[in-house]
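Q: As input, take query-v2.cif (mmCIF, C-alpha atoms):
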data_my_file
#
loop_
_atom_site.label_atom_id
_atom_site.label_comp_id
_atom_site.auth_asym_id
_atom_site.auth_seq_id
_atom_site.Cartn_x
_atom_site.Cartn_y
_atom_site.Cartn_z
CA MET T 22 16.02 11.43 -3.69
CA VAL T 23 14.56 14.59 -5.19
CA LYS T 24 11.36 12.78 -6.09
CA LYS T 25 11.19 11.26 -2.62
CA SER T 26 11.50 14.63 -0.92
CA GLN T 27 9.02 16.15 -3.39
CA LYS T 28 6.63 13.33 -2.54
CA TYR T 29 7.03 13.90 1.17
CA ASP T 30 6.64 17.63 0.72
CA SER T 31 3.23 17.33 -0.92
CA GLY T 32 1.88 16.64 2.56
CA CYS T 33 -0.71 14.27 1.09
CA PRO T 34 -1.64 11.62 3.68
CA ILE T 35 -1.55 8.90 1.04
CA ALA T 36 1.87 10.00 -0.25
CA TYR T 37 3.19 10.05 3.32
CA GLY T 38 1.91 6.55 3.97
CA LEU T 39 3.37 5.27 0.73
CA ASP T 40 6.72 6.91 1.50
CA VAL T 41 6.84 4.90 4.73
CA PHE T 42 5.42 1.50 3.76
CA GLY T 43 4.36 1.82 0.12
CA ASP T 44 6.94 -0.38 -1.52
CA GLN T 45 5.98 -4.03 -1.81
CA TRP T 46 8.85 -5.45 0.23
CA SER T 47 8.38 -3.14 3.22
CA LEU T 48 4.76 -4.15 3.69
CA LEU T 49 5.59 -7.84 3.17
CA ILE T 50 8.19 -7.58 5.95
CA ILE T 51 5.54 -5.93 8.16
CA ARG T 52 3.16 -8.76 7.20
CA ASP T 53 5.71 -11.39 8.26
CA MET T 54 6.19 -9.61 11.59
CA ALA T 55 2.50 -8.94 12.29
CA LEU T 56 0.89 -12.12 10.93
CA LYS T 57 3.67 -14.72 11.12
CA GLY T 58 5.61 -13.46 14.15
CA ALA T 59 8.90 -13.10 12.26
CA ARG T 60 11.48 -11.29 14.40
CA THR T 61 14.89 -12.25 13.01
CA TYR T 62 16.83 -11.70 9.78
CA GLY T 63 16.69 -15.43 9.11
CA GLU T 64 12.92 -15.55 9.58
CA PHE T 65 12.45 -12.66 7.13
CA LEU T 66 14.58 -14.49 4.55
CA GLU T 67 12.24 -17.48 4.89
CA GLY T 68 9.29 -15.31 3.75
CA TRP T 69 7.14 -16.79 0.97
CA GLU T 70 8.19 -14.33 -1.73
CA GLY T 71 11.94 -14.84 -1.54
CA ILE T 72 13.30 -11.42 -0.57
CA SER T 73 17.01 -10.97 -1.26
CA THR T 74 19.43 -10.15 1.57
CA ASN T 75 20.36 -6.72 0.17
CA ILE T 76 16.70 -5.65 -0.28
CA LEU T 77 15.89 -7.01 3.19
CA ALA T 78 18.73 -5.07 4.84
CA ASN T 79 17.72 -1.91 2.96
CA ARG T 80 14.04 -2.18 3.94
CA LEU T 81 14.74 -3.06 7.59
CA LYS T 82 16.90 0.06 7.84
CA HIS T 83 14.14 2.15 6.24
CA LEU T 84 11.45 0.72 8.55
CA GLU T 85 13.68 1.41 11.57
CA ASP T 86 14.44 4.96 10.37
CA THR T 87 10.73 5.69 9.87
CA GLY T 88 9.81 4.34 13.30
CA LEU T 89 7.79 1.28 12.24
CA ILE T 90 10.16 -1.27 13.79
CA THR T 91 12.81 -1.44 16.51
CA ARG T 92 16.08 -3.40 16.42
CA GLU T 93 17.60 -4.87 19.61
CA ARG T 94 20.50 -7.23 20.23
CA ASP T 95 19.32 -10.82 20.73
CA PRO T 96 20.10 -11.53 24.41
CA ASP T 97 20.51 -15.23 23.53
CA ASN T 98 22.79 -14.56 20.56
CA TRP T 99 24.83 -11.40 20.94
CA ARG T 100 25.73 -11.30 17.22
CA SER T 101 22.15 -11.22 15.94
CA TYR T 102 19.21 -8.84 16.32
CA ILE T 103 15.53 -9.06 17.25
CA TYR T 104 13.16 -6.84 15.27
CA GLU T 105 9.80 -5.75 16.71
CA LEU T 106 6.94 -3.67 15.31
CA THR T 107 6.33 -0.37 17.09
CA PRO T 108 2.79 0.88 17.85
CA LYS T 109 3.15 2.98 14.68
CA GLY T 110 3.85 -0.21 12.76
CA ARG T 111 1.09 -2.22 14.45
CA ASP T 112 -1.37 0.58 13.67
CA LEU T 113 -1.12 -0.53 10.02
CA ALA T 114 -3.44 -3.41 10.99
CA PRO T 115 -6.53 -1.80 9.38
CA VAL T 116 -4.58 -1.10 6.15
CA ILE T 117 -3.48 -4.75 6.07
CA ALA T 118 -7.04 -5.91 6.81
CA GLU T 119 -8.48 -3.85 3.93
CA ILE T 120 -5.82 -5.12 1.50
CA ILE T 121 -6.67 -8.70 2.51
CA LEU T 122 -10.42 -8.10 2.02
CA TRP T 123 -9.86 -6.43 -1.35
CA SER T 124 -7.59 -9.23 -2.56
CA GLY T 125 -10.07 -11.81 -1.27
CA LYS T 126 -12.64 -10.28 -3.60
CA TYR T 127 -10.41 -10.05 -6.68
CA ASN T 128 -7.56 -12.58 -6.49
CA THR T 129 -8.68 -15.55 -8.62
CA ALA T 130 -5.39 -17.46 -8.20
CA GLU T 131 -5.67 -21.08 -7.08
CA HIS T 132 -3.44 -20.50 -4.06
CA ALA T 133 -5.18 -17.29 -2.95
CA MET T 134 -5.29 -18.39 0.72
CA PRO T 135 -9.07 -18.10 1.22
CA GLU T 136 -8.71 -19.11 4.89
CA ALA T 137 -6.60 -15.99 5.52
CA VAL T 138 -9.27 -13.84 3.88
CA GLU T 139 -12.05 -15.62 5.76
CA LYS T 140 -10.32 -14.95 9.07
CA VAL T 141 -10.52 -11.19 8.47
CA ARG T 142 -14.07 -11.36 7.03
CA ARG T 143 -15.28 -13.30 10.08
CA ASP T 144 -13.77 -11.05 12.75
CA ARG T 145 -12.04 -7.97 11.39
CA GLN T 146 -11.90 -6.22 14.77
CA GLY T 147 -10.41 -9.30 16.39
CA PHE T 148 -7.80 -9.46 13.62
CA GLU T 149 -6.84 -5.82 14.18
CA ASP T 150 -6.81 -6.19 17.97
CA LYS T 151 -4.49 -9.21 17.79
CA VAL T 152 -2.05 -7.37 15.50
CA ARG T 153 -2.12 -4.33 17.80
CA ASN T 154 -1.49 -6.55 20.84
CA GLY T 155 1.40 -8.38 19.18
CA ASP T 156 -0.51 -11.68 18.94
CA ILE T 157 -0.63 -13.81 15.79
CA PRO T 158 -4.14 -13.31 14.30
CA MET G 16 10.27 -11.00 -13.30
CA VAL G 17 11.13 -14.14 -11.37
CA LYS G 18 10.62 -12.34 -8.07
CA LYS G 19 7.33 -10.92 -9.32
CA SER G 20 5.99 -14.33 -10.33
CA GLN G 21 7.26 -15.85 -7.08
CA LYS G 22 5.42 -13.11 -5.24
CA TYR G 23 2.20 -13.73 -7.13
CA ASP G 24 2.54 -17.47 -6.64
CA SER G 25 2.63 -17.22 -2.86
CA GLY G 26 -1.13 -16.61 -3.06
CA CYS G 27 -0.89 -14.29 -0.05
CA PRO G 28 -3.71 -11.71 -0.21
CA ILE G 29 -1.33 -8.94 0.82
CA ALA G 30 1.26 -9.91 -1.80
CA TYR G 31 -1.48 -9.99 -4.44
CA GLY G 32 -2.69 -6.54 -3.48
CA LEU G 33 0.83 -5.15 -3.49
CA ASP G 34 1.52 -6.73 -6.88
CA VAL G 35 -1.45 -4.78 -8.27
CA PHE G 36 -1.23 -1.40 -6.54
CA GLY G 37 1.68 -1.67 -4.09
CA ASP G 38 4.17 0.62 -5.75
CA GLN G 39 3.93 4.23 -4.67
CA TRP G 40 3.18 5.70 -8.08
CA SER G 41 0.34 3.32 -8.91
CA LEU G 42 -1.59 4.22 -5.77
CA LEU G 43 -0.88 7.94 -6.24
CA ILE G 44 -2.37 7.69 -9.75
CA ILE G 45 -5.41 5.94 -8.26
CA ARG G 46 -5.56 8.72 -5.63
CA ASP G 47 -5.57 11.40 -8.33
CA MET G 48 -8.39 9.58 -10.17
CA ALA G 49 -10.50 8.79 -7.09
CA LEU G 50 -9.98 11.94 -5.01
CA LYS G 51 -9.13 14.62 -7.57
CA GLY G 52 -11.07 13.38 -10.60
CA ALA G 53 -8.00 13.13 -12.84
CA ARG G 54 -8.88 11.35 -16.11
CA THR G 55 -6.24 12.42 -18.65
CA TYR G 56 -2.50 11.98 -19.12
CA GLY G 57 -2.04 15.74 -18.66
CA GLU G 58 -4.00 15.74 -15.40
CA PHE G 59 -1.86 12.88 -14.04
CA LEU G 60 1.32 14.80 -14.90
CA GLU G 61 -0.02 17.72 -12.83
CA GLY G 62 -0.11 15.48 -9.73
CA TRP G 63 1.50 16.95 -6.61
CA GLU G 64 4.46 14.58 -6.53
CA GLY G 65 5.79 15.19 -10.03
CA ILE G 66 5.55 11.80 -11.72
CA SER G 67 7.70 11.45 -14.85
CA THR G 68 6.11 10.64 -18.24
CA ASN G 69 7.85 7.27 -18.57
CA ILE G 70 6.81 6.11 -15.08
CA LEU G 71 3.27 7.39 -15.70
CA ALA G 72 2.97 5.50 -19.01
CA ASN G 73 4.37 2.35 -17.37
CA ARG G 74 1.99 2.49 -14.40
CA LEU G 75 -1.10 3.35 -16.49
CA LYS G 76 -0.37 0.28 -18.64
CA HIS G 77 0.04 -1.86 -15.50
CA LEU G 78 -3.19 -0.55 -13.94
CA GLU G 79 -5.04 -1.22 -17.21
CA ASP G 80 -3.52 -4.74 -17.50
CA THR G 81 -4.56 -5.56 -13.91
CA GLY G 82 -8.10 -4.30 -14.44
CA LEU G 83 -8.03 -1.28 -12.10
CA ILE G 84 -8.55 1.31 -14.85
CA THR G 85 -9.98 1.50 -18.37
CA ARG G 86 -8.64 3.56 -21.27
CA GLU G 87 -10.98 5.01 -23.93
CA ARG G 88 -10.47 7.44 -26.81
CA ASP G 89 -11.47 10.97 -25.83
CA PRO G 90 -14.57 11.67 -28.04
CA ASP G 91 -13.69 15.37 -28.00
CA ASN G 92 -10.03 14.82 -28.89
CA TRP G 93 -9.47 11.72 -30.98
CA ARG G 94 -5.69 11.71 -30.28
CA SER G 95 -5.95 11.56 -26.49
CA TYR G 96 -7.43 9.10 -23.99
CA ILE G 97 -9.77 9.19 -21.00
CA TYR G 98 -8.85 6.92 -18.08
CA GLU G 99 -11.49 5.72 -15.61
CA LEU G 100 -11.31 3.59 -12.47
CA THR G 101 -13.10 0.23 -12.70
CA PRO G 102 -15.19 -1.13 -9.79
CA LYS G 103 -12.07 -3.17 -8.87
CA GLY G 104 -10.12 0.10 -8.68
CA ARG G 105 -12.84 1.98 -6.80
CA ASP G 106 -13.04 -0.86 -4.29
CA LEU G 107 -9.64 0.31 -3.02
CA ALA G 108 -11.55 3.12 -1.24
CA PRO G 109 -11.26 1.44 2.21
CA VAL G 110 -7.51 0.86 1.71
CA ILE G 111 -7.11 4.55 0.81
CA ALA G 112 -9.25 5.58 3.80
CA GLU G 113 -7.12 3.55 6.23
CA ILE G 114 -3.87 4.93 4.79
CA ILE G 115 -5.24 8.47 5.24
CA LEU G 116 -6.28 7.77 8.86
CA TRP G 117 -2.92 6.17 9.68
CA SER G 118 -0.98 9.09 8.14
CA GLY G 119 -3.23 11.55 9.93
CA LYS G 120 -2.10 9.98 13.19
CA TYR G 121 1.62 9.88 12.39
CA ASN G 122 2.54 12.50 9.77
CA THR G 123 3.94 15.45 11.70
CA ALA G 124 4.83 17.44 8.57
CA GLU G 125 3.58 21.04 8.44
CA HIS G 126 1.75 20.46 5.16
CA ALA G 127 0.13 17.20 6.22
CA MET G 128 -3.31 18.22 4.89
CA PRO G 129 -5.29 17.82 8.14
CA GLU G 130 -8.51 18.76 6.35
CA ALA G 131 -8.16 15.71 4.10
CA VAL G 132 -7.68 13.49 7.15
CA GLU G 133 -10.55 15.17 8.99
CA LYS G 134 -12.88 14.50 6.06
CA VAL G 135 -12.30 10.74 6.42
CA ARG G 136 -12.43 10.83 10.24
CA ARG G 137 -15.75 12.68 10.15
CA ASP G 138 -17.51 10.42 7.64
CA ARG G 139 -15.49 7.42 6.57
CA GLN G 140 -18.47 5.59 5.05
CA GLY G 141 -19.46 8.70 3.09
CA PHE G 142 -15.86 8.99 1.82
CA GLU G 143 -15.89 5.36 0.65
CA ASP G 144 -19.35 5.65 -0.91
CA LYS G 145 -18.35 8.75 -2.89
CA VAL G 146 -15.21 7.04 -4.23
CA ARG G 147 -17.26 3.95 -5.16
CA ASN G 148 -19.86 6.13 -6.92
CA GLY G 149 -17.21 8.07 -8.84
CA ASP G 150 -17.87 11.31 -6.94
CA ILE G 151 -15.09 13.51 -5.53
CA PRO G 152 -15.13 12.95 -1.74
#
Using the file provided, produce a representation of the structure as structure tokens.
A:
Amino acid sequence: MVKKSQKYDSGCPIAYGLDVFGDQWSLLIIRDMALKGARTYGEFLEGWEGISTNILANRLKHLEDTGLITRERDPDNWRSYIYELTPKGRDLAPVIAEIILWSGKYNTAEHAMPEAVEKVRRDRQGFEDKVRNGDIP
Amino acid sequence: MVKKSQKYDSGCPIAYGLDVFGDQWSLLIIRDMALKGARTYGEFLEGWEGISTNILANRLKHLEDTGLITRERDPDNWRSYIYELTPKGRDLAPVIAEIILWSGKYNTAEHAMPEAVEKVRRDRQGFEDKVRNGDIP
């Protein structure tokens, strides 16, 4: 925790951002919420990269504590929760867009999802607006 | 490593980007190279957030393996190395710019470096161009 507080204390805007969403799993959870409409624990577990339940619980707590997501009881299922991105979380849309464009330029993997990259290349503003409005881009 | 290869295999552009630079320390090393002109092991160790030597060595190797930085013998000191960002590394400039703008909006810390944020707000394209050209923005 010392390192973490040191990192926060530097005041650097990049260090602050990375403290909030910089680990891989946090941003992949945000991706599943913003781009795939995932809102429940079960939907996060179905993510492409196979997050484990303990990492998922840890990251959801962190994202809630840092104000990127909210957690509400599911009115249709009292024992489960619905997670939603906050405006602070949705405002990561331009960061996500730039990561997609960068990867589209450099990821040579066969399954690099060119259609996802093309969607942002074709209409970046529309992509960001949809994420900010809570629509699936 | 299974998780890592699963993550790469998803082909998702965000997962690819995070595999390359998604951990906090990797992007802070890139920050020190792009924004502070750090080029040597000693200069990286002087970074604001206090990276440890073993994490630094690990991340430098990873950034070299993924093609974001190069490592050359220092002509003036045969026993040490000079690290430089590649075009692939410098092309992270827009990602860095968006992280800075997002943090500028949400980091309420006293030492949040508003001047660094203002520099990107005032001339984002100039900031990106400088990083791409290897100049200190």
Q: Could you fit chain G onto chain T by least squares over every C-alpha atom, paired in order, and give me the moved chain as a PDB file with C-alpha atoms, in the coordinates of the input?
A:
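File part-v3.pdb, as written:
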ATOM      1  CA  MET G  16      16.005  11.532  -3.811  1.00  0.00           C
ATOM      2  CA  VAL G  17      14.499  14.660  -5.318  1.00  0.00           C
ATOM      3  CA  LYS G  18      11.325  12.788  -6.218  1.00  0.00           C
ATOM      4  CA  LYS G  19      11.181  11.297  -2.731  1.00  0.00           C
ATOM      5  CA  SER G  20      11.469  14.685  -1.033  1.00  0.00           C
ATOM      6  CA  GLN G  21       8.967  16.182  -3.479  1.00  0.00           C
ATOM      7  CA  LYS G  22       6.618  13.358  -2.591  1.00  0.00           C
ATOM      8  CA  TYR G  23       7.031  13.920   1.129  1.00  0.00           C
ATOM      9  CA  ASP G  24       6.615  17.659   0.691  1.00  0.00           C
ATOM     10  CA  SER G  25       3.201  17.344  -0.923  1.00  0.00           C
ATOM     11  CA  GLY G  26       1.884  16.630   2.585  1.00  0.00           C
ATOM     12  CA  CYS G  27      -0.707  14.265   1.106  1.00  0.00           C
ATOM     13  CA  PRO G  28      -1.626  11.609   3.701  1.00  0.00           C
ATOM     14  CA  ILE G  29      -1.531   8.890   1.056  1.00  0.00           C
ATOM     15  CA  ALA G  30       1.883   9.980  -0.236  1.00  0.00           C
ATOM     16  CA  TYR G  31       3.190  10.029   3.338  1.00  0.00           C
ATOM     17  CA  GLY G  32       1.920   6.529   3.992  1.00  0.00           C
ATOM     18  CA  LEU G  33       3.388   5.241   0.750  1.00  0.00           C
ATOM     19  CA  ASP G  34       6.723   6.900   1.518  1.00  0.00           C
ATOM     20  CA  VAL G  35       6.851   4.891   4.759  1.00  0.00           C
ATOM     21  CA  PHE G  36       5.451   1.489   3.796  1.00  0.00           C
ATOM     22  CA  GLY G  37       4.377   1.797   0.150  1.00  0.00           C
ATOM     23  CA  ASP G  38       6.963  -0.391  -1.500  1.00  0.00           C
ATOM     24  CA  GLN G  39       5.980  -4.025  -1.785  1.00  0.00           C
ATOM     25  CA  TRP G  40       8.837  -5.454   0.251  1.00  0.00           C
ATOM     26  CA  SER G  41       8.384  -3.142   3.228  1.00  0.00           C
ATOM     27  CA  LEU G  42       4.759  -4.152   3.708  1.00  0.00           C
ATOM     28  CA  LEU G  43       5.579  -7.842   3.178  1.00  0.00           C
ATOM     29  CA  ILE G  44       8.181  -7.571   5.964  1.00  0.00           C
ATOM     30  CA  ILE G  45       5.543  -5.936   8.175  1.00  0.00           C
ATOM     31  CA  ARG G  46       3.155  -8.765   7.198  1.00  0.00           C
ATOM     32  CA  ASP G  47       5.695 -11.396   8.247  1.00  0.00           C
ATOM     33  CA  MET G  48       6.190  -9.624  11.604  1.00  0.00           C
ATOM     34  CA  ALA G  49       2.500  -8.950  12.304  1.00  0.00           C
ATOM     35  CA  LEU G  50       0.895 -12.121  10.929  1.00  0.00           C
ATOM     36  CA  LYS G  51       3.654 -14.729  11.135  1.00  0.00           C
ATOM     37  CA  GLY G  52       5.608 -13.491  14.157  1.00  0.00           C
ATOM     38  CA  ALA G  53       8.888 -13.113  12.258  1.00  0.00           C
ATOM     39  CA  ARG G  54      11.474 -11.301  14.418  1.00  0.00           C
ATOM     40  CA  THR G  55      14.892 -12.249  13.009  1.00  0.00           C
ATOM     41  CA  TYR G  56      16.818 -11.695   9.787  1.00  0.00           C
ATOM     42  CA  GLY G  57      16.688 -15.448   9.109  1.00  0.00           C
ATOM     43  CA  GLU G  58      12.916 -15.562   9.585  1.00  0.00           C
ATOM     44  CA  PHE G  59      12.455 -12.667   7.132  1.00  0.00           C
ATOM     45  CA  LEU G  60      14.578 -14.480   4.535  1.00  0.00           C
ATOM     46  CA  GLU G  61      12.226 -17.473   4.869  1.00  0.00           C
ATOM     47  CA  GLY G  62       9.292 -15.293   3.742  1.00  0.00           C
ATOM     48  CA  TRP G  63       7.129 -16.772   0.981  1.00  0.00           C
ATOM     49  CA  GLU G  64       8.183 -14.320  -1.714  1.00  0.00           C
ATOM     50  CA  GLY G  65      11.938 -14.829  -1.528  1.00  0.00           C
ATOM     51  CA  ILE G  66      13.292 -11.418  -0.562  1.00  0.00           C
ATOM     52  CA  SER G  67      17.012 -10.951  -1.257  1.00  0.00           C
ATOM     53  CA  THR G  68      19.449 -10.126   1.582  1.00  0.00           C
ATOM     54  CA  ASN G  69      20.359  -6.702   0.187  1.00  0.00           C
ATOM     55  CA  ILE G  70      16.715  -5.635  -0.250  1.00  0.00           C
ATOM     56  CA  LEU G  71      15.890  -7.004   3.214  1.00  0.00           C
ATOM     57  CA  ALA G  72      18.743  -5.064   4.861  1.00  0.00           C
ATOM     58  CA  ASN G  73      17.720  -1.906   2.978  1.00  0.00           C
ATOM     59  CA  ARG G  74      14.048  -2.167   3.952  1.00  0.00           C
ATOM     60  CA  LEU G  75      14.737  -3.077   7.606  1.00  0.00           C
ATOM     61  CA  LYS G  76      16.912   0.051   7.865  1.00  0.00           C
ATOM     62  CA  HIS G  77      14.146   2.145   6.262  1.00  0.00           C
ATOM     63  CA  LEU G  78      11.453   0.716   8.561  1.00  0.00           C
ATOM     64  CA  GLU G  79      13.679   1.391  11.587  1.00  0.00           C
ATOM     65  CA  ASP G  80      14.459   4.958  10.380  1.00  0.00           C
ATOM     66  CA  THR G  81      10.733   5.683   9.897  1.00  0.00           C
ATOM     67  CA  GLY G  82       9.825   4.333  13.325  1.00  0.00           C
ATOM     68  CA  LEU G  83       7.797   1.274  12.258  1.00  0.00           C
ATOM     69  CA  ILE G  84      10.175  -1.280  13.796  1.00  0.00           C
ATOM     70  CA  THR G  85      12.823  -1.447  16.522  1.00  0.00           C
ATOM     71  CA  ARG G  86      16.073  -3.416  16.429  1.00  0.00           C
ATOM     72  CA  GLU G  87      17.603  -4.884  19.617  1.00  0.00           C
ATOM     73  CA  ARG G  88      20.510  -7.247  20.268  1.00  0.00           C
ATOM     74  CA  ASP G  89      19.309 -10.821  20.720  1.00  0.00           C
ATOM     75  CA  PRO G  90      20.099 -11.569  24.435  1.00  0.00           C
ATOM     76  CA  ASP G  91      20.521 -15.242  23.544  1.00  0.00           C
ATOM     77  CA  ASN G  92      22.796 -14.573  20.566  1.00  0.00           C
ATOM     78  CA  TRP G  93      24.847 -11.421  20.957  1.00  0.00           C
ATOM     79  CA  ARG G  94      25.731 -11.316  17.217  1.00  0.00           C
ATOM     80  CA  SER G  95      22.156 -11.241  15.927  1.00  0.00           C
ATOM     81  CA  TYR G  96      19.203  -8.869  16.317  1.00  0.00           C
ATOM     82  CA  ILE G  97      15.527  -9.080  17.248  1.00  0.00           C
ATOM     83  CA  TYR G  98      13.165  -6.837  15.269  1.00  0.00           C
ATOM     84  CA  GLU G  99       9.807  -5.757  16.709  1.00  0.00           C
ATOM     85  CA  LEU G 100       6.948  -3.680  15.316  1.00  0.00           C
ATOM     86  CA  THR G 101       6.343  -0.368  17.109  1.00  0.00           C
ATOM     87  CA  PRO G 102       2.800   0.879  17.871  1.00  0.00           C
ATOM     88  CA  LYS G 103       3.161   2.990  14.684  1.00  0.00           C
ATOM     89  CA  GLY G 104       3.865  -0.226  12.763  1.00  0.00           C
ATOM     90  CA  ARG G 105       1.100  -2.216  14.455  1.00  0.00           C
ATOM     91  CA  ASP G 106      -1.355   0.572  13.678  1.00  0.00           C
ATOM     92  CA  LEU G 107      -1.113  -0.523  10.033  1.00  0.00           C
ATOM     93  CA  ALA G 108      -3.433  -3.418  11.008  1.00  0.00           C
ATOM     94  CA  PRO G 109      -6.518  -1.792   9.381  1.00  0.00           C
ATOM     95  CA  VAL G 110      -4.564  -1.097   6.164  1.00  0.00           C
ATOM     96  CA  ILE G 111      -3.477  -4.757   6.092  1.00  0.00           C
ATOM     97  CA  ALA G 112      -7.046  -5.901   6.823  1.00  0.00           C
ATOM     98  CA  GLU G 113      -8.466  -3.855   3.931  1.00  0.00           C
ATOM     99  CA  ILE G 114      -5.799  -5.116   1.514  1.00  0.00           C
ATOM    100  CA  ILE G 115      -6.665  -8.701   2.519  1.00  0.00           C
ATOM    101  CA  LEU G 116     -10.415  -8.096   2.021  1.00  0.00           C
ATOM    102  CA  TRP G 117      -9.854  -6.416  -1.353  1.00  0.00           C
ATOM    103  CA  SER G 118      -7.582  -9.251  -2.560  1.00  0.00           C
ATOM    104  CA  GLY G 119     -10.058 -11.806  -1.272  1.00  0.00           C
ATOM    105  CA  LYS G 120     -12.627 -10.263  -3.593  1.00  0.00           C
ATOM    106  CA  TYR G 121     -10.398 -10.043  -6.670  1.00  0.00           C
ATOM    107  CA  ASN G 122      -7.557 -12.588  -6.502  1.00  0.00           C
ATOM    108  CA  THR G 123      -8.676 -15.531  -8.618  1.00  0.00           C
ATOM    109  CA  ALA G 124      -5.398 -17.439  -8.205  1.00  0.00           C
ATOM    110  CA  GLU G 125      -5.683 -21.070  -7.077  1.00  0.00           C
ATOM    111  CA  HIS G 126      -3.438 -20.484  -4.068  1.00  0.00           C
ATOM    112  CA  ALA G 127      -5.152 -17.291  -2.953  1.00  0.00           C
ATOM    113  CA  MET G 128      -5.294 -18.384   0.711  1.00  0.00           C
ATOM    114  CA  PRO G 129      -9.077 -18.099   1.217  1.00  0.00           C
ATOM    115  CA  GLU G 130      -8.712 -19.098   4.867  1.00  0.00           C
ATOM    116  CA  ALA G 131      -6.598 -16.000   5.514  1.00  0.00           C
ATOM    117  CA  VAL G 132      -9.256 -13.822   3.884  1.00  0.00           C
ATOM    118  CA  GLU G 133     -12.050 -15.616   5.734  1.00  0.00           C
ATOM    119  CA  LYS G 134     -10.328 -14.960   9.062  1.00  0.00           C
ATOM    120  CA  VAL G 135     -10.529 -11.192   8.457  1.00  0.00           C
ATOM    121  CA  ARG G 136     -14.072 -11.354   7.031  1.00  0.00           C
ATOM    122  CA  ARG G 137     -15.278 -13.296  10.069  1.00  0.00           C
ATOM    123  CA  ASP G 138     -13.755 -11.043  12.735  1.00  0.00           C
ATOM    124  CA  ARG G 139     -12.045  -7.968  11.376  1.00  0.00           C
ATOM    125  CA  GLN G 140     -11.908  -6.197  14.750  1.00  0.00           C
ATOM    126  CA  GLY G 141     -10.428  -9.298  16.389  1.00  0.00           C
ATOM    127  CA  PHE G 142      -7.806  -9.462  13.604  1.00  0.00           C
ATOM    128  CA  GLU G 143      -6.849  -5.814  14.172  1.00  0.00           C
ATOM    129  CA  ASP G 144      -6.810  -6.175  17.961  1.00  0.00           C
ATOM    130  CA  LYS G 145      -4.509  -9.209  17.788  1.00  0.00           C
ATOM    131  CA  VAL G 146      -2.065  -7.386  15.490  1.00  0.00           C
ATOM    132  CA  ARG G 147      -2.127  -4.340  17.798  1.00  0.00           C
ATOM    133  CA  ASN G 148      -1.506  -6.561  20.846  1.00  0.00           C
ATOM    134  CA  GLY G 149       1.373  -8.390  19.161  1.00  0.00           C
ATOM    135  CA  ASP G 150      -0.540 -11.681  18.937  1.00  0.00           C
ATOM    136  CA  ILE G 151      -0.647 -13.826  15.783  1.00  0.00           C
ATOM    137  CA  PRO G 152      -4.145 -13.335  14.299  1.00  0.00           C
TER     138      PRO G 152
END
Q: Could you please select, counting all atoms listed in the file, the residues of chain T within 6 Å of chain G and state them as a PyMOL selection string?
A: chain T and resi 27-28+31-35+38-39+43-45+69-70+116+119-121+124+132-134
Q: Could you spell out the hits of the PyMOL selection byres ((chain G and resi 87) around 9) on the shown file, as a count of residues only?
A: 10
Q: Give me the residues near G:Asn69 as a ChimeraX atom specification, where near means some atom within 12 Å (using all atoms listed in the file) and where sequence neighbours in that chain fewer than 5 positions away do not count.
A: /G:40,56,60,74-76
Q: Please determine, counting all atoms listed in the file, which residue among G:Thr55, G:Arg94, G:His77, G:Arg105 has the shortest atom-to-atom distance to G:Phe142.
A: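 The answer is G:Arg105, which sits nearest to G:Phe142.
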Q: To one decimal in Å, tell me the separation between atom CA of T:Ala55 and atom CA of T:Ile157.
A: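 Going from atom CA of T:Ala55 over to atom CA of T:Ile157, I get 6.8 Å.
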